[in-house]
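In what follows, a structure is listed as structure tokens, so that the remarks can point back to it.
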Amino acid sequence: MNCGLAWTVQGPAIPGRVSLRLRVLACPHPMFADPTTEPTDETLLRQMAGGDEAALLELHRRYVRLLSALGYRMLRQREDVDACVQDAFFNAWRHAGRFDPSRARAKTWLVSIAHHRFLQHLRDRPDVALELEDWDTPTPAPDHEGRLLAGRALGVLDPAQRELIELAYYRGHSHSELAALTGLPLGTVKSRLRSALERMRGALHTGKGEHPL
Amino acid sequence: MTPDRDDLLAYALGTLSPAETARVEAELDRDPALRAEVRTDLDALALLLDDLDPQAVPVPADAGGELLARVRAQEAQAGRPPASGAAPPAARPPRRWPIALGLVAALALAFALLPRPQTDPLEVYRTTPGAVERSLEAGGERVGTLVQLPEGRVYVHLSRTLPPERTYQLWQIQDGTPVSLGVFERGLLVTLSPGATVAVSVEPPGGSPQPTTTPLFVQPL
């Protein structure tokens with residue numbers, strides 16, 4: 001049952017205008033809506049900015065597996081992944097007050113912090129890099145049974161686009177590095193990446209992926 | 001020089017050099033439309049994570065406790081009082097501080113997503129090609145501006161400053177039910193479908209799962 005205050009939509013008395021009326025619902029807590037509703041990620045970041053450790057732990061609970069999965073995809077070594085994931089949350093805590101929802105969703109912001117941390121680790125530890133021929137069939141780390149789901153998001157890409165996007169995102173290769181790795185002209189690399197992103201952006205609006213809001 | 005599409009894409013992918021990154025960030029600070037482009041790129045790239053299987057990866061049993069211990073150690077080192085809201089951490093020594101000290105450079109790219117001093121975003125959005133501006137009114141008085149931009153982007157800007165214990169929250173009305181689009185202090189950029197109806201209410205810090213006050217206005221697009 002809804003709790004607290006709610007809006008009731010009124011008919012359009014004026015063309016182009018809709019009015020809402022606030023109504024009071026039965027609720028043991030007079031000021032706030034249903035207290036059992038989970039706070040949004042954005043709310044957690046705001047609470048973290050105020051020093052709320054419980055909010056940090058909740059954000060960690062929600063995303064530690066996702067960030068770890070990203071880490072395994074990029075680094076393949078458990079100890080490195082665990083350290084980098086902790087670094088990502090630690091820095092999210094330190095900089096939560098600077099999060100701006102108009103620039104990124106909370107999840108995207110957190111993923112970006114972790115992604116760049118993993119990339120930095122790859123650049124600091126070139127020995128963990130994979131050769132191109134290894135990349136087409138990713139292998140899970142030996143100490144976990146990683147598996148790839150049937151490509152939902154990447155299903156919108158053709159194999160050539162997918163290869164480039166994965167090499168760029170997961171390995172951090174620049175345009176020129178991709179051209180050298182694949183033997184493709186630099187212009188072809190750029191155009192394939194552009195068209196791949198356009199398809200993925202399109203997937204945002206067709207229900208193939210999570211809604212950007 | 002305005003970064004081109006390839007630059008923005010490389011920026012979102014994290015593949016630019018530090019110098020190139022700094023150049024793109026300077027432009028992002030100046031141009032909300034570019035920031036919106038990058039935001040959409042990041043959302044699209046985040047779809048890659050849908051192909052991962054988070055449940056298949058091992059996570060240390062007390063990863064949360066270790067994180068909390070590290071946070072508290074850092075706070076203590078900085079001379080800050082302990083924060084509240086969580087149980088006492090497990091008594092484990094914080095690990096990998098040396099790694100943390102080297103993170104500043106590593107996070108430079110990610111921090112580009114963070115707010116910086118910038119020019120008035122409302123003015124920039126107003127002057128974006130294809131922008132359509134609407135006045136937002138409450139009780140017969142103008143309280144803000146809504147700017148509709150190409151590709152379904154909508155920028156809502158309110159002119160009144162709220163006290164610290166209150167924040168604006170933007171809602172989309174879907175089948176008569178308000179769905180939160182986020183909280184903001186001054187302006188918020190969102191992407192909406194044509195014909196959507198939005199509203200703004202004043203809420204406690206962090207926003208509310210449901211609106212707790214009468215909306216300032218309701219605006220069909």
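Ordered as shown in the structure tokens, chains take letters A, B, and onward, while each chain numbers its residues from 1 and ligands are numbered from 1 in the order shown.
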Exercise. For stretch 193-203 of chain A, please output as a PyMOL selection string all residues within 12 Å (counting only C-alpha atoms; exclusion window: fewer than 5 positions along the same chain).
Key: (chain A and resi 152-169+174-175+178-179+186-188+208-212) or (chain B and resi 4-10+12-13+37-48+151)
Practice problem: Counting only C-alpha atoms, figure out which residue out of B:Leu146, B:Leu181, B:Val202, B:Ala69 gets nearest to chain A. | Solution: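 For chain A, the nearest of the candidates is B:Leu181.
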Quiz item: At what distance in Å, to one decimal, does atom CA of B:Gly139 lie from atom CA of B:Thr214?
Solution: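 These two atoms are separated by 12.0 Å.
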Exercise. For A:Pro39, please output as a PyMOL selection string all residues within 9 Å (counting only C-alpha atoms; exclusion window: fewer than 6 positions along the same chain).
Key: chain B and resi 206-209
Take the residues from that selection and write them out as a PDB file, in the first residue's frame, keeping C-alpha atoms.
```pdb
ATOM      1  CA  GLY B 206      18.313  12.951  -1.263  1.00  0.00           C
ATOM      2  CA  GLY B 207      14.779  13.060  -2.577  1.00  0.00           C
ATOM      3  CA  SER B 208      11.791  10.884  -1.779  1.00  0.00           C
ATOM      4  CA  PRO B 209      10.540   7.617  -3.225  1.00  0.00           C
TER       5      PRO B 209
END
```
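Proximity to B:Leu189 was assessed for A:Val111, A:Ala104, A:Leu122, A:Ala180 counting only C-alpha atoms; the smallest distance is recorded for A:Ala104.
Counting only C-alpha atoms, the residue from B:Thr213, B:Val71, B:Gly130, B:Ser201 that sits nearest to A:Met48 is B:Val71.
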Quiz item: Which is closer to chain A than all the others in B:Val154, B:Leu136, B:Leu52, B:Leu192, using only C-alpha atoms?
Solution: B:Leu52
Exercise. Rank B:Gly144, B:Pro205, B:Gly176, B:Pro150 by their smallest atom-to-atom distance to B:Pro129, using only C-alpha atoms, and report the top residue only.
Key: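 Using only C-alpha atoms, B:Pro129 sits closest to B:Pro150.
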Self-check item: Option closest in space to chain B, from A:Asp80, A:Glu58, A:Asp124, A:Asp52 [counting only C-alpha atoms]
Solution: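 Checking each of A:Asp80, A:Glu58, A:Asp124, A:Asp52 against chain B, counting only C-alpha atoms, the winner is A:Asp52.
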Self-check item: Backbone DSSP call of helix (DSSP H, G or I) for chain B, listed as a PyMOL selection string
Solution: chain B and resi 5-13+18-30+32-51+54-56+63-77+97-101+103-106+110-113+121-126+150-152
